[in-house]
$ cat work_24.csv   # CSV, C-alpha atoms and all ligand atoms
chain,number,residue,atom,x,y,z
M,1,MET,CA,2.2,-3.4,21.9
M,2,THR,CA,-1.4,-3.0,20.8
M,3,ASP,CA,-4.3,-5.2,21.5
M,4,VAL,CA,-6.7,-3.6,19.1
M,5,PRO,CA,-10.1,-5.3,18.5
M,6,ILE,CA,-9.9,-7.9,15.8
M,7,GLN,CA,-10.6,-6.6,12.3
M,8,GLN,CA,-10.9,-9.9,10.6
M,9,SER,CA,-11.8,-10.5,7.0
M,10,PRO,CA,-15.3,-9.5,6.2
M,11,SER,CA,-15.7,-13.0,4.9
M,12,GLY,CA,-15.2,-14.3,8.5
M,13,SER,CA,-11.8,-16.1,8.0
M,14,ARG,CA,-9.0,-15.3,10.5
M,15,GLY,CA,-5.4,-15.4,9.4
M,16,ARG,CA,-2.5,-15.6,11.9
M,17,TYR,CA,-2.0,-11.8,11.9
M,18,ASP,CA,-5.7,-11.2,12.7
M,19,TRP,CA,-5.3,-12.5,16.2
M,20,THR,CA,-4.9,-10.1,19.1
M,21,ARG,CA,-2.8,-10.9,22.1
M,22,ALA,CA,-5.9,-11.3,24.2
M,23,GLU,CA,-7.3,-13.8,21.7
M,24,LEU,CA,-4.0,-15.6,21.5
M,25,ALA,CA,-3.9,-15.8,25.3
M,26,GLU,CA,-7.4,-17.4,25.2
M,27,LEU,CA,-6.3,-19.8,22.5
M,28,LEU,CA,-3.3,-20.8,24.6
M,29,GLY,CA,-5.2,-20.9,27.9
M,30,ASP,CA,-3.9,-24.4,28.6
M,31,GLN,CA,-0.3,-23.1,28.4
M,32,PRO,CA,2.0,-21.2,30.7
M,33,ARG,CA,1.4,-17.4,30.3
M,34,TYR,CA,4.9,-16.8,28.8
M,35,ARG,CA,3.9,-18.9,25.8
M,36,VAL,CA,1.8,-16.0,24.6
M,37,ASP,CA,4.9,-13.8,24.5
M,38,GLN,CA,6.8,-16.5,22.7
M,39,VAL,CA,4.2,-16.9,20.0
M,40,TRP,CA,3.8,-13.1,19.6
M,41,ALA,CA,7.6,-12.9,19.2
M,42,GLY,CA,7.4,-15.7,16.7
M,43,LEU,CA,4.8,-13.8,14.7
M,44,TYR,CA,6.2,-10.3,14.8
M,45,THR,CA,9.9,-10.6,15.6
M,46,GLN,CA,10.9,-13.9,14.0
M,47,GLY,CA,8.2,-14.3,11.3
M,48,GLY,CA,8.3,-17.4,9.2
M,49,GLU,CA,6.3,-20.5,10.0
M,50,PRO,CA,5.3,-21.8,13.5
M,51,ALA,CA,7.4,-24.9,12.8
M,52,GLU,CA,10.5,-22.7,12.9
M,53,TRP,CA,9.7,-21.2,16.3
M,54,THR,CA,12.0,-23.5,18.2
M,55,SER,CA,11.5,-21.9,21.6
M,56,LEU,CA,8.2,-23.9,21.5
M,57,SER,CA,7.7,-27.6,21.9
M,58,LYS,CA,7.2,-29.7,18.8
M,59,THR,CA,3.6,-30.4,19.8
M,60,LEU,CA,2.7,-26.8,20.3
M,61,ARG,CA,4.4,-25.8,17.0
M,62,ALA,CA,2.3,-28.5,15.2
M,63,ARG,CA,-0.8,-27.2,16.8
M,64,LEU,CA,-0.1,-23.6,15.9
M,65,SER,CA,0.6,-24.6,12.3
M,66,ASP,CA,-3.0,-25.7,12.2
M,67,GLU,CA,-4.6,-23.0,14.2
M,68,LEU,CA,-2.6,-20.0,12.9
M,69,SER,CA,-2.9,-20.3,9.2
M,70,PRO,CA,-1.4,-17.7,6.9
M,71,SER,CA,-3.7,-15.4,5.0
M,72,LEU,CA,-1.6,-15.1,1.9
M,73,SER,CA,-0.8,-17.9,-0.6
M,74,LEU,CA,1.6,-17.0,-3.4
M,75,ALA,CA,0.1,-17.1,-6.9
M,76,ALA,CA,2.9,-15.4,-8.7
M,77,GLU,CA,6.0,-13.4,-8.2
M,78,SER,CA,7.8,-11.1,-10.6
M,79,VAL,CA,11.3,-9.6,-10.1
M,80,SER,CA,12.7,-6.7,-12.0
M,81,ASP,CA,15.7,-7.2,-14.2
M,82,ASP,CA,17.9,-5.4,-11.6
M,83,GLY,CA,16.4,-7.4,-8.8
M,84,ASP,CA,15.4,-4.2,-6.9
M,85,THR,CA,11.7,-4.5,-7.3
M,86,VAL,CA,9.7,-7.6,-6.4
M,87,LYS,CA,6.0,-7.9,-6.9
M,88,TRP,CA,3.8,-10.6,-5.5
M,89,LEU,CA,0.3,-11.7,-6.4
M,90,TRP,CA,-1.3,-13.4,-3.4
M,91,THR,CA,-4.5,-15.5,-3.4
M,92,LEU,CA,-6.6,-15.0,-0.2
M,93,HIS,CA,-8.6,-17.8,1.4
M,94,ASP,CA,-11.7,-16.9,-0.6
M,95,GLY,CA,-9.9,-16.9,-3.9
M,96,ARG,CA,-9.6,-13.1,-4.1
M,97,GLN,CA,-6.2,-11.8,-5.2
M,98,ILE,CA,-4.1,-8.8,-4.1
M,99,GLU,CA,-0.7,-7.5,-4.9
M,100,THR,CA,2.3,-6.3,-2.8
M,101,VAL,CA,5.4,-4.6,-4.2
M,102,LEU,CA,8.8,-4.5,-2.5
M,103,MET,CA,11.2,-1.7,-3.7
M,104,ILE,CA,14.8,-1.7,-2.7
M,105,TYR,CA,16.6,1.6,-2.8
M,106,PRO,CA,20.2,2.3,-1.8
M,107,ASP,CA,19.1,4.0,1.4
M,108,ARG,CA,15.8,2.2,2.2
M,109,ALA,CA,13.5,-0.7,1.4
M,110,THR,CA,9.9,0.2,1.0
M,111,VAL,CA,6.9,-2.1,0.7
M,112,CYS,CA,3.7,-1.0,-1.0
M,113,VAL,CA,0.7,-2.8,0.4
M,114,SER,CA,-2.9,-3.3,-0.7
M,115,SER,CA,-5.7,-2.4,1.7
M,116,GLN,CA,-8.6,-3.8,-0.4
M,117,ALA,CA,-9.1,-6.6,-2.9
M,118,GLY,CA,-10.0,-4.4,-5.9
M,119,CYS,CA,-11.1,-0.9,-5.5
M,120,ALA,CA,-14.4,1.0,-5.9
M,121,MET,CA,-12.9,4.3,-6.8
M,122,ALA,CA,-12.8,3.7,-10.5
M,123,CYS,CA,-9.9,6.0,-11.4
M,124,GLY,CA,-9.7,6.0,-15.1
M,125,PHE,CA,-6.0,5.2,-15.5
M,126,CYS,CA,-5.8,2.4,-13.0
M,127,ALA,CA,-6.1,-1.3,-13.7
M,128,THR,CA,-7.5,-2.0,-10.2
M,129,GLY,CA,-10.1,0.7,-10.6
M,130,GLN,CA,-11.1,-0.7,-13.9
M,131,ALA,CA,-11.6,-4.2,-12.5
M,132,GLY,CA,-13.9,-3.0,-9.6
M,133,PHE,CA,-14.2,-3.8,-5.9
M,134,ASP,CA,-14.1,-7.2,-4.4
M,135,ARG,CA,-13.8,-6.7,-0.6
M,136,HIS,CA,-12.0,-5.0,2.2
M,137,LEU,CA,-8.8,-6.7,3.5
M,138,SER,CA,-8.6,-7.6,7.1
M,139,THR,CA,-6.0,-6.2,9.4
M,140,GLY,CA,-4.1,-9.4,9.3
M,141,GLU,CA,-4.2,-9.6,5.5
M,142,ILE,CA,-2.5,-6.2,5.4
M,143,VAL,CA,0.0,-6.9,8.2
M,144,GLU,CA,1.0,-10.2,6.6
M,145,GLN,CA,2.0,-8.4,3.4
M,146,VAL,CA,4.5,-6.4,5.4
M,147,VAL,CA,5.8,-9.4,7.3
M,148,ARG,CA,6.4,-11.3,4.0
M,149,ALA,CA,8.2,-8.3,2.5
M,150,ARG,CA,10.3,-7.9,5.6
M,151,ALA,CA,11.4,-11.5,5.3
M,152,ARG,CA,12.3,-11.0,1.6
M,153,ALA,CA,14.3,-7.9,2.3
M,154,ALA,CA,16.1,-9.6,5.2
M,155,ALA,CA,17.0,-12.5,2.9
M,156,ASP,CA,18.7,-9.9,0.7
M,157,GLY,CA,20.5,-8.5,3.7
M,158,ARG,CA,18.3,-5.5,3.9
M,159,ARG,CA,16.0,-4.1,6.6
M,160,LEU,CA,12.5,-3.1,5.6
M,161,SER,CA,12.3,0.6,6.5
M,162,ASN,CA,9.1,2.0,5.0
M,163,VAL,CA,5.5,1.0,4.4
M,164,VAL,CA,3.3,2.9,1.9
M,165,PHE,CA,-0.4,2.1,1.6
M,166,MET,CA,-0.5,2.7,-2.2
M,167,GLY,CA,-1.3,-0.8,-3.4
M,168,MET,CA,-4.7,-2.0,-4.5
M,169,GLY,CA,-7.6,-0.2,-2.8
M,170,GLU,CA,-8.4,3.1,-1.1
M,171,PRO,CA,-7.1,2.8,2.5
M,172,PHE,CA,-9.6,5.3,3.8
M,173,ALA,CA,-12.5,3.3,2.4
M,174,ASN,CA,-11.3,0.6,4.8
M,175,TYR,CA,-10.2,2.9,7.6
M,176,ASP,CA,-10.6,0.9,10.8
M,177,ARG,CA,-8.9,-2.3,9.5
M,178,THR,CA,-6.2,-0.2,7.9
M,179,TRP,CA,-5.5,1.8,11.0
M,180,ALA,CA,-5.4,-1.3,13.1
M,181,ALA,CA,-2.8,-2.6,10.7
M,182,VAL,CA,-0.8,0.7,11.0
M,183,GLU,CA,-0.8,0.3,14.8
M,184,ARG,CA,0.4,-3.3,14.5
M,185,ILE,CA,3.2,-2.4,12.1
M,186,HIS,CA,4.3,0.4,14.3
M,187,ASP,CA,3.9,-1.2,17.7
M,188,ASP,CA,4.8,-4.8,16.9
M,189,LEU,CA,6.9,-4.7,13.8
M,190,GLY,CA,8.7,-1.7,15.1
M,191,LEU,CA,8.5,0.7,12.1
M,192,GLY,CA,8.4,4.4,13.1
M,193,ALA,CA,5.3,6.4,12.2
M,194,ARG,CA,7.4,8.7,10.0
M,195,HIS,CA,8.2,5.7,7.9
M,196,LEU,CA,4.5,4.9,7.3
M,197,THR,CA,2.5,6.6,4.6
M,198,LEU,CA,-1.2,6.5,4.0
M,199,SER,CA,-2.4,7.4,0.6
M,200,THR,CA,-5.8,8.5,-0.4
M,201,VAL,CA,-7.4,9.6,-3.7
M,202,GLY,CA,-9.3,12.2,-1.7
M,203,VAL,CA,-11.6,10.6,0.8
M,204,VAL,CA,-12.1,13.7,3.0
M,205,PRO,CA,-13.6,11.9,6.1
M,206,GLY,CA,-10.5,9.7,6.2
M,207,ILE,CA,-8.2,12.8,6.1
M,208,ARG,CA,-10.2,14.3,8.9
M,209,ARG,CA,-9.9,11.1,11.0
M,210,LEU,CA,-6.2,10.9,10.3
M,211,ALA,CA,-5.7,14.4,11.6
M,212,GLU,CA,-7.0,13.1,15.0
M,213,ALA,CA,-5.0,9.9,14.9
M,214,SER,CA,-2.5,9.0,17.6
M,215,LEU,CA,0.4,8.2,15.4
M,216,PRO,CA,2.1,10.9,13.2
M,217,VAL,CA,2.1,8.9,10.0
M,218,ASN,CA,2.5,10.6,6.6
M,219,LEU,CA,-0.3,11.5,4.3
M,220,ALA,CA,-0.1,11.4,0.5
M,221,VAL,CA,-3.0,12.6,-1.6
M,222,SER,CA,-3.3,11.3,-5.1
M,223,LEU,CA,-4.3,14.5,-6.9
M,224,HIS,CA,-3.5,14.0,-10.6
M,225,LEU,CA,-5.6,17.0,-11.6
M,226,ALA,CA,-6.3,20.3,-9.9
M,227,ASN,CA,-9.5,21.4,-11.7
M,228,ASP,CA,-12.9,19.9,-10.8
M,229,THR,CA,-14.1,19.5,-14.4
M,230,GLU,CA,-11.2,17.2,-15.5
M,231,ARG,CA,-10.7,15.6,-12.1
M,232,ASN,CA,-14.4,14.6,-12.0
M,233,GLU,CA,-13.7,12.4,-15.1
M,234,LEU,CA,-10.3,10.9,-14.2
M,235,VAL,CA,-10.9,10.5,-10.4
M,236,PRO,CA,-14.6,10.1,-9.9
M,237,ILE,CA,-14.5,10.5,-6.1
M,238,ASN,CA,-13.9,14.1,-6.9
M,239,ARG,CA,-17.6,14.5,-7.6
M,240,ARG,CA,-18.3,13.6,-4.0
M,241,TYR,CA,-15.3,15.5,-2.5
M,242,PRO,CA,-14.5,18.3,-4.8
M,243,LEU,CA,-11.1,20.1,-4.7
M,244,ALA,CA,-12.2,22.9,-2.5
M,245,GLU,CA,-13.4,20.5,0.1
M,246,LEU,CA,-10.3,18.4,-0.2
M,247,ALA,CA,-8.1,21.5,0.2
M,248,ASP,CA,-10.0,22.4,3.4
M,249,ALA,CA,-9.4,18.9,4.8
M,250,CYS,CA,-5.8,19.1,3.8
M,251,ARG,CA,-5.3,22.5,5.4
M,252,ASP,CA,-6.9,21.4,8.6
M,253,TYR,CA,-4.8,18.3,8.6
M,254,VAL,CA,-1.6,20.2,8.2
M,255,GLU,CA,-2.6,22.7,10.9
M,256,ALA,CA,-3.6,20.0,13.3
M,257,THR,CA,-0.5,17.8,12.8
M,258,ARG,CA,2.2,20.1,11.6
M,259,ARG,CA,3.2,17.3,9.2
M,260,ARG,CA,4.1,17.7,5.6
M,261,LEU,CA,1.5,16.8,3.0
M,262,SER,CA,2.4,15.4,-0.3
M,263,PHE,CA,0.5,15.2,-3.6
M,264,GLU,CA,1.0,12.4,-6.0
M,265,TRP,CA,0.7,13.4,-9.7
M,266,ALA,CA,0.9,10.6,-12.3
M,267,LEU,CA,2.0,12.4,-15.4
M,268,ILE,CA,-0.2,11.4,-18.4
M,269,HIS,CA,0.5,12.6,-21.9
M,270,ASP,CA,-1.8,15.5,-22.8
M,271,VAL,CA,-4.1,14.7,-19.9
M,272,ASN,CA,-2.4,16.6,-17.0
M,273,ASP,CA,1.1,17.5,-18.2
M,274,THR,CA,0.6,20.9,-19.9
M,275,ASP,CA,1.7,24.3,-18.7
M,276,ARG,CA,-1.9,25.1,-17.7
M,277,HIS,CA,-1.9,21.9,-15.5
M,278,ALA,CA,1.3,22.9,-13.9
M,279,ARG,CA,-0.1,26.3,-13.0
M,280,GLU,CA,-3.3,24.8,-11.6
M,281,LEU,CA,-1.3,22.4,-9.5
M,282,ALA,CA,0.9,25.1,-8.2
M,283,ASP,CA,-2.0,27.3,-7.3
M,284,TYR,CA,-3.5,24.4,-5.4
M,285,ALA,CA,-0.4,23.0,-3.7
M,286,ARG,CA,1.4,26.3,-2.7
M,287,PRO,CA,-1.0,27.5,0.0
M,288,LEU,CA,-0.9,24.0,1.5
M,289,ARG,CA,2.9,23.9,1.3
M,290,ALA,CA,2.5,20.5,-0.2
M,291,HIS,CA,5.4,18.6,-1.8
M,292,VAL,CA,4.6,17.1,-5.2
M,293,ASN,CA,5.7,13.7,-6.3
M,294,LEU,CA,5.7,13.4,-10.1
M,295,ILE,CA,5.2,9.8,-11.4
M,296,PRO,CA,5.5,9.2,-15.1
M,297,LEU,CA,2.5,6.9,-15.9
M,298,ASN,CA,2.9,3.5,-17.3
M,299,PRO,CA,0.4,2.1,-19.7
M,300,THR,CA,-2.7,0.4,-18.3
M,301,PRO,CA,-4.6,-2.0,-20.6
M,302,GLY,CA,-8.0,-0.5,-21.4
M,303,TYR,CA,-6.8,3.1,-20.9
M,304,ARG,CA,-5.3,4.2,-24.2
M,305,VAL,CA,-3.0,6.9,-23.0
M,306,ARG,CA,0.6,7.0,-22.3
M,307,GLY,CA,2.9,8.5,-19.8
M,308,SER,CA,4.5,11.9,-20.5
M,309,SER,CA,7.8,11.8,-22.2
M,310,PRO,CA,11.0,12.2,-20.1
M,311,GLU,CA,11.4,15.7,-21.5
M,312,THR,CA,7.9,16.7,-20.6
M,313,VAL,CA,8.4,15.3,-17.1
M,314,ARG,CA,11.6,17.4,-16.7
M,315,LEU,CA,9.9,20.5,-18.0
M,316,PHE,CA,6.8,20.0,-15.8
M,317,ALA,CA,9.0,19.6,-12.7
M,318,ARG,CA,11.0,22.7,-13.6
M,319,ARG,CA,7.9,24.7,-14.2
M,320,LEU,CA,6.6,23.7,-10.7
M,321,GLY,CA,9.9,24.9,-9.3
M,322,GLU,CA,9.5,28.3,-11.1
M,323,LEU,CA,6.0,28.5,-9.6
M,324,GLY,CA,7.3,28.0,-6.1
M,325,VAL,CA,6.4,24.3,-5.6
M,326,ASN,CA,8.8,21.6,-4.4
M,327,ALA,CA,8.5,18.7,-6.7
M,328,THR,CA,10.4,15.4,-7.0
M,329,VAL,CA,10.3,13.1,-10.0
M,330,ARG,CA,9.9,9.6,-8.8
M,331,ARG,CA,11.6,6.8,-10.6
M,332,THR,CA,9.0,4.5,-12.0
M,333,ARG,CA,9.4,1.1,-10.4
M,334,GLY,CA,8.6,-2.1,-12.0
M,335,THR,CA,8.5,-1.0,-15.6
M,336,ASP,CA,9.8,-4.4,-16.6
M,337,ILE,CA,7.4,-6.3,-14.3
M,338,ASP,CA,3.6,-5.9,-13.7
M,339,ALA,CA,4.1,-3.2,-11.1
M,340,ALA,CA,0.9,-1.4,-11.7
M,341,CYS,CA,-1.9,-1.9,-9.2
M,342,GLY,CA,-4.1,-4.6,-10.7
M,343,GLN,CA,-1.9,-5.4,-13.5
M,344,LEU,CA,-0.3,-8.5,-12.1
M,345,ARG,CA,-3.7,-9.7,-11.1
M,346,ALA,CA,-5.1,-9.1,-14.5
M,347,THR,CA,-2.2,-10.9,-16.2
M,348,HIS,CA,-2.3,-13.9,-13.8
M,349,ALA,CA,-5.9,-14.3,-13.1
M,350,THR,CA,-5.5,-18.0,-13.2
M,351,ALA,CA,-1.9,-18.4,-12.3
M,352,PRO,CA,-1.1,-21.5,-10.3
M,353,THR,CA,0.6,-21.2,-6.9
M,354,SER,CA,4.3,-21.3,-7.3
M,355,GLY,CA,6.0,-21.2,-4.0
M,356,ASP,CA,6.6,-18.8,-1.2
M,357,PRO,CA,8.8,-15.8,-1.8
M,358,THR,CA,10.0,-15.9,1.8
M,359,SER,CA,11.3,-19.3,1.4
M,360,GLY,CA,12.8,-19.0,-2.1
M,361,GLY,CA,11.5,-20.2,-5.5
M,362,PRO,CA,10.7,-16.9,-7.3
M,363,THR,CA,8.6,-17.3,-10.3
M,364,PRO,CA,9.4,-14.6,-12.8
M,365,VAL,CA,6.3,-13.3,-14.7
M,366,ALA,CA,5.5,-10.6,-17.1
M,367,VAL,CA,5.4,-6.7,-17.1
M,368,GLY,CA,3.5,-3.2,-16.0
M,369,ARG,CA,2.9,-0.5,-13.1
M,370,ARG,CA,0.6,1.4,-10.6
M,371,THR,CA,-0.2,4.9,-9.5
M,372,HIS,CA,-2.8,5.0,-6.7
M,373,GLY,CA,-3.2,6.1,-4.2
G,401,LIG,S1,-5.7,4.7,-8.3
G,401,LIG,FE1,-6.0,3.9,-6.2
G,401,LIG,S2,-8.0,4.8,-5.6
G,401,LIG,FE2,-7.9,4.9,-7.8
G,401,LIG,S3,-8.9,3.0,-8.5
G,401,LIG,FE3,-6.7,2.6,-8.4
G,401,LIG,S4,-6.4,1.7,-6.4
G,401,LIG,FE4,-8.4,2.7,-6.4
$ encode --input "work_24.csv" --output "structure tokens"
Amino acid sequence: MTDVPIQQSPSGSRGRYDWTRAELAELLGDQPRYRVDQVWAGLYTQGGEPAEWTSLSKTLRARLSDELSPSLSLAAESVSDDGDTVKWLWTLHDGRQIETVLMIYPDRATVCVSSQAGCAMACGFCATGQAGFDRHLSTGEIVEQVVRARARAAADGRRLSNVVFMGMGEPFANYDRTWAAVERIHDDLGLGARHLTLSTVGVVPGIRRLAEASLPVNLAVSLHLANDTERNELVPINRRYPLAELADACRDYVEATRRRLSFEWALIHDVNDTDRHARELADYARPLRAHVNLIPLNPTPGYRVRGSSPETVRLFARRLGELGVNATVRRTRGTDIDAACGQLRATHATAPTSGDPTSGGPTPVAVGRRTHG
């Protein structure tokens, strides 16, 4: 188990998953030592509320309910028509809002978590980027998203198997807190490193740090364009870390870790789905032996473009294959809910709290999608 230094919310609040074991031991200094293990098991193995941790006395449960407050309060929940995708909008203690998406597949259950409230990267096709940056999330605010999703998956008889950091925010812009969350998820929630994926839009220093990291998590780079002129416009961080520099970092990462790299490519009609774009992508991805995930783009309010047609997606994937690049077309999740980063938040900016998804009472809301990361 880890006992990483606390990475609490920059606003100073501490949620229940922001506490380290050492800090909990201090908090429970008047209790027998084994109580720390019991509370830790309550948080990470059992989940739910302290009132449900019946291995503890009623008095202690009541005290913990006061002292270990949750970070996430449900503002809205949307569930896809087939029930396989659940998206939550959470309100944080300071009123900021973030989103989490749970996706159930036949062979796995994946949660997509946010690492920041808002995002400063300003990608042109992204609702979160258009709304701007609010603040970094704390380690506990990230971990609690996973705990909530795990509980929801378990309620459906499924085991949460994967975590992807592709929700709101750029994980490498909040590296320390994000990495502390990765360690918690791995060490204390028991998800293997190969089941954890960090996604970046191209923050080179973060890629270089990840190459040195202790856990062999996966890296996904949101590329979307493979020429600097166009990428500078769609993904402004490219002006700071141009493609050649990004490729160098990716190459060093692959050499240092021997892990497979993946590129995310949101297919946008007439923006990055032509034959020329496929050739540019292939030239960029092939030397890095990167796998490409193609994601048909859903509409984002304020960005008047549309995703590529299913036929164009199919042809683009086939062209990449001809050019020697492995590509997978990802099924777009949440097209009947607001499953874009920032879209649920935009739709429900003033939505009232409507119950906790881990204890039932879903509140179906409207529609959308995301692409970060
Ligand atoms: S796509 Fe990702 S990195 Fe870009 S603005 Fe949206 S959340 Fe931020």
$ residues_near_ligand --input "work_24.csv" --ligand "ligand LIG 401 (chain G)" --cutoff "7 Å" --atoms "only C-alpha atoms and all ligand atoms" --output "ChimeraX atom specification"
/M:119-123,126-130,166-170,200-201,235,341,371-373
$ residues_around --input "work_24.csv" --residues "Arg260 of chain M" --least-positions-apart "3" --cutoff "8 Å" --atoms "only C-alpha atoms" --output "number ranges by chain"
M: 218-219, 254, 289-291
$ atom_distance --input "work_24.csv" --atom1 "atom CA of Arg96 of chain M" --atom2 "atom CA of Pro236 of chain M"
24.4 Å
$ closest_residue --input "work_24.csv" --among "M:Thr20, M:Asn272, M:Asn326, M:Ser13" --to "Asn227 of chain M" --atoms "only C-alpha atoms"
M:Asn272
$ closest_residue --input "work_24.csv" --among "M:Asn232, M:Ser222, M:Thr54, M:Thr257" --to "Ile295 of chain M" --atoms "all atoms listed in the file"
M:Ser222
$ closest_residue --input "work_24.csv" --among "M:Val182, M:Gln46, M:Arg209, M:Arg16" --to "Asp66 of chain M" --atoms "all atoms listed in the file"
M:Arg16
$ atom_distance --input "work_24.csv" --atom1 "atom CA of Ala62 of chain M" --atom2 "atom CA of Glu183 of chain M"
29.0 Å
$ residues_around --input "work_24.csv" --residues "segment 211-214 of chain M" --least-positions-apart "4" --cutoff "10 Å" --atoms "all atoms listed in the file" --output "PyMOL selection string"
chain M and resi 179+183+193+205-207+219+249-250+252-259
$ decode --input "work_24.csv" --residues "segment 62-122 of chain M" --atoms "C-alpha atoms" --output "mmCIF file, in the first residue's frame"
data_model
loop_
_atom_site.group_PDB
_atom_site.id
_atom_site.type_symbol
_atom_site.label_atom_id
_atom_site.label_comp_id
_atom_site.auth_asym_id
_atom_site.auth_seq_id
_atom_site.Cartn_x
_atom_site.Cartn_y
_atom_site.Cartn_z
ATOM 1 C CA ALA M 62 -20.530 8.441 13.391
ATOM 2 C CA ARG M 63 -17.267 10.268 14.020
ATOM 3 C CA LEU M 64 -15.799 9.124 10.693
ATOM 4 C CA SER M 65 -18.921 10.197 8.860
ATOM 5 C CA ASP M 66 -18.149 13.709 10.078
ATOM 6 C CA GLU M 67 -14.405 13.638 9.636
ATOM 7 C CA LEU M 68 -14.084 11.732 6.375
ATOM 8 C CA SER M 69 -16.380 13.644 4.116
ATOM 9 C CA PRO M 70 -16.819 12.674 0.467
ATOM 10 C CA SER M 71 -15.378 14.962 -2.197
ATOM 11 C CA LEU M 72 -18.055 14.274 -4.795
ATOM 12 C CA SER M 73 -21.663 15.271 -4.575
ATOM 13 C CA LEU M 74 -23.924 14.121 -7.394
ATOM 14 C CA ALA M 75 -25.355 16.889 -9.553
ATOM 15 C CA ALA M 76 -26.689 14.760 -12.405
ATOM 16 C CA GLU M 77 -26.501 11.312 -13.877
ATOM 17 C CA SER M 78 -27.222 10.175 -17.393
ATOM 18 C CA VAL M 79 -27.550 6.607 -18.578
ATOM 19 C CA SER M 80 -27.417 5.511 -22.216
ATOM 20 C CA ASP M 81 -30.438 3.811 -23.692
ATOM 21 C CA ASP M 82 -28.749 0.415 -23.532
ATOM 22 C CA GLY M 83 -27.644 1.059 -19.956
ATOM 23 C CA ASP M 84 -23.984 0.367 -20.798
ATOM 24 C CA THR M 85 -22.729 3.908 -20.390
ATOM 25 C CA VAL M 86 -23.256 5.990 -17.273
ATOM 26 C CA LYS M 87 -22.084 9.537 -16.994
ATOM 27 C CA TRP M 88 -21.972 11.507 -13.755
ATOM 28 C CA LEU M 89 -21.687 15.195 -13.149
ATOM 29 C CA TRP M 90 -20.226 15.839 -9.705
ATOM 30 C CA THR M 91 -20.147 19.052 -7.720
ATOM 31 C CA LEU M 92 -16.995 19.554 -5.638
ATOM 32 C CA HIS M 93 -16.860 21.269 -2.252
ATOM 33 C CA ASP M 94 -16.131 24.653 -3.864
ATOM 34 C CA GLY M 95 -18.922 24.393 -6.414
ATOM 35 C CA ARG M 96 -16.671 23.346 -9.322
ATOM 36 C CA GLN M 97 -18.046 20.542 -11.441
ATOM 37 C CA ILE M 98 -16.420 17.552 -13.068
ATOM 38 C CA GLU M 99 -17.523 14.502 -15.017
ATOM 39 C CA THR M 100 -16.895 10.771 -14.852
ATOM 40 C CA VAL M 101 -18.027 8.147 -17.370
ATOM 41 C CA LEU M 102 -18.431 4.414 -16.769
ATOM 42 C CA MET M 103 -18.470 2.212 -19.879
ATOM 43 C CA ILE M 104 -19.522 -1.401 -19.642
ATOM 44 C CA TYR M 105 -18.266 -3.715 -22.396
ATOM 45 C CA PRO M 106 -18.823 -7.453 -22.708
ATOM 46 C CA ASP M 107 -15.269 -8.172 -21.570
ATOM 47 C CA ARG M 108 -14.454 -5.215 -19.320
ATOM 48 C CA ALA M 109 -15.762 -2.219 -17.428
ATOM 49 C CA THR M 110 -13.828 1.007 -17.893
ATOM 50 C CA VAL M 111 -14.119 4.269 -16.054
ATOM 51 C CA CYS M 112 -12.981 7.504 -17.646
ATOM 52 C CA VAL M 113 -11.959 9.977 -14.939
ATOM 53 C CA SER M 114 -11.276 13.704 -14.858
ATOM 54 C CA SER M 115 -7.970 15.048 -13.572
ATOM 55 C CA GLN M 116 -8.831 18.744 -13.561
ATOM 56 C CA ALA M 117 -11.944 20.867 -13.253
ATOM 57 C CA GLY M 118 -11.949 22.432 -16.690
ATOM 58 C CA CYS M 119 -8.854 22.441 -18.863
ATOM 59 C CA ALA M 120 -6.387 25.079 -20.026
ATOM 60 C CA MET M 121 -5.402 23.268 -23.220
ATOM 61 C CA ALA M 122 -8.156 24.889 -25.307
#
